[in-house]
Amino acid sequence: RPLGRRGKRLNHIEIEHPTVSRAHATFLPDRHGQVTLMSESAGSALTVNGEVLQPGGAKRLRHGDLLGIGQLFFRFSVPSEAAGVD
């Protein structure tokens with residue numbers, strides 16, 4: 001699922017903010033319900049729990065991870081059924 005500002009590419013998640021690039025990152029879900037975040041932009045910051053992801057770098061996400069997308073921050077959340085939490 002591509003993430004970025006509105007532009008030529010169709011992003012499933014659009015964030016209209018000047019610090020978010022048009023092709024910022026991609027969420028890559030697998031068939032087991034795990035999600036990996038891949039960085040695509042060399043010009044805009046992407047972090048997971050403060051760790052910078054370089055362009056082409058990827059990190060498997062866990063429930064509660066703090067994502068820094070440009071100058072914005074989001075908490076990654078997994079529904080309790082998918083996270084294995086009762």
# chains A, B, ... in the order shown; residues from 1 in each chain; ligands from 1
call {"tool": "residues_around", "arguments": {"residues": "A:Gly43", "least_positions_apart": "5", "cutoff": "12 Å", "atoms": "only C-alpha atoms", "output": "list in words"}}
result
Pro18, Thr19, Val20, Ser21, Arg22, Ala23, His24, Ala25, Leu53, Gln54, Pro55, Ile69 and Gly70 of chain A
call {"tool": "write_last_selection", "arguments": {"atoms": "N, CA and C atoms", "output": "compact mmCIF listing (two decimals), in the first residue's frame"}}
result
# COMPACT_ATOMS: atom_id res chain seq x y z
N PRO A 18 3.74 19.30 3.57
CA PRO A 18 4.94 19.62 2.79
C PRO A 18 6.17 18.76 3.10
N THR A 19 6.20 18.06 4.24
CA THR A 19 7.36 17.23 4.57
C THR A 19 7.18 15.77 4.14
N VAL A 20 6.06 15.49 3.48
CA VAL A 20 5.79 14.14 2.96
C VAL A 20 5.97 14.19 1.45
N SER A 21 6.78 13.27 0.92
CA SER A 21 7.01 13.26 -0.53
C SER A 21 5.86 12.56 -1.26
N ARG A 22 5.84 12.70 -2.56
CA ARG A 22 4.77 12.09 -3.35
C ARG A 22 4.87 10.56 -3.36
N ALA A 23 6.06 10.05 -3.23
CA ALA A 23 6.29 8.60 -3.14
C ALA A 23 7.17 8.37 -1.92
N HIS A 24 6.57 8.41 -0.75
CA HIS A 24 7.32 8.41 0.51
C HIS A 24 7.67 7.00 0.99
N ALA A 25 6.68 6.12 1.02
CA ALA A 25 6.89 4.79 1.59
C ALA A 25 5.82 3.84 1.07
N LEU A 53 15.06 5.00 8.34
CA LEU A 53 15.09 4.03 7.24
C LEU A 53 15.62 4.75 6.01
N GLN A 54 16.70 4.26 5.46
CA GLN A 54 17.27 4.82 4.23
C GLN A 54 16.40 4.39 3.04
N PRO A 55 16.43 5.12 1.93
CA PRO A 55 15.66 4.72 0.74
C PRO A 55 15.98 3.27 0.36
N ILE A 69 6.89 10.17 9.69
CA ILE A 69 6.74 10.35 8.25
C ILE A 69 6.86 11.84 7.98
N GLY A 70 8.02 12.25 7.43
CA GLY A 70 8.32 13.68 7.35
C GLY A 70 8.40 14.22 8.77
call {"tool": "select_by_dssp", "arguments": {"residues": "chain A", "states": "strand (DSSP E)", "output": "ChimeraX atom specification"}}
result
/A:2-4,13-14,25-29,35-39,46-48,51-52,58-61,66-69,72-75
call {"tool": "select_by_dssp", "arguments": {"residues": "chain A", "states": "helix (DSSP H, G or I)", "output": "PyMOL selection string"}}
result
chain A and resi 80-83
call {"tool": "write_last_selection", "arguments": {"atoms": "N, CA, C and O atoms", "output": "mmCIF file, in the first residue's frame"}}
result
data_model
loop_
_atom_site.group_PDB
_atom_site.id
_atom_site.type_symbol
_atom_site.label_atom_id
_atom_site.label_comp_id
_atom_site.auth_asym_id
_atom_site.auth_seq_id
_atom_site.Cartn_x
_atom_site.Cartn_y
_atom_site.Cartn_z
ATOM 1 N N SER A 80 -6.682 -6.270 17.712
ATOM 2 C CA SER A 80 -6.299 -7.282 18.704
ATOM 3 C C SER A 80 -6.342 -8.701 18.168
ATOM 4 O O SER A 80 -5.510 -9.529 18.522
ATOM 5 N N GLU A 81 -7.264 -9.033 17.264
ATOM 6 C CA GLU A 81 -7.338 -10.385 16.704
ATOM 7 C C GLU A 81 -6.073 -10.703 15.905
ATOM 8 O O GLU A 81 -5.521 -11.780 15.976
ATOM 9 N N ALA A 82 -5.589 -9.722 15.111
ATOM 10 C CA ALA A 82 -4.417 -9.934 14.274
ATOM 11 C C ALA A 82 -3.137 -9.943 15.096
ATOM 12 O O ALA A 82 -2.153 -10.579 14.731
ATOM 13 N N ALA A 83 -3.134 -9.221 16.212
ATOM 14 C CA ALA A 83 -1.931 -9.126 17.036
ATOM 15 C C ALA A 83 -1.791 -10.307 17.975
ATOM 16 O O ALA A 83 -0.776 -10.472 18.625
#
call {"tool": "residues_around", "arguments": {"residues": "A:Glu51", "least_positions_apart": "3", "cutoff": "12 Å", "atoms": "only C-alpha atoms", "output": "VMD selection string"}}
result
chain A and resid 39 45 to 48 54 57 to 59 65 to 69
call {"tool": "closest_residue", "arguments": {"among": "A:Gln34, A:Ser77, A:Gln71, A:Asn49", "to": "A:Glu16", "atoms": "only C-alpha atoms"}}
result
A:Gln71
call {"tool": "residues_around", "arguments": {"residues": "A:Gly64", "least_positions_apart": "6", "cutoff": "9 Å", "atoms": "only C-alpha atoms", "output": "list in words"}}
result
Arg75, Phe76, Ser77 and Val78 of chain A
call {"tool": "residues_around", "arguments": {"residues": "A:Asn11", "least_positions_apart": "2", "cutoff": "12 Å", "atoms": "only C-alpha atoms", "output": "list in words"}}
result
Arg1, Pro2, Leu3, Gly4, Arg5, Arg6, Gly7, Lys8, Arg9, Ile13, Glu14, Ile15, Glu16, Ser21, Arg22, Ala23, His24, Ala25, Thr26 and Phe27 of chain A
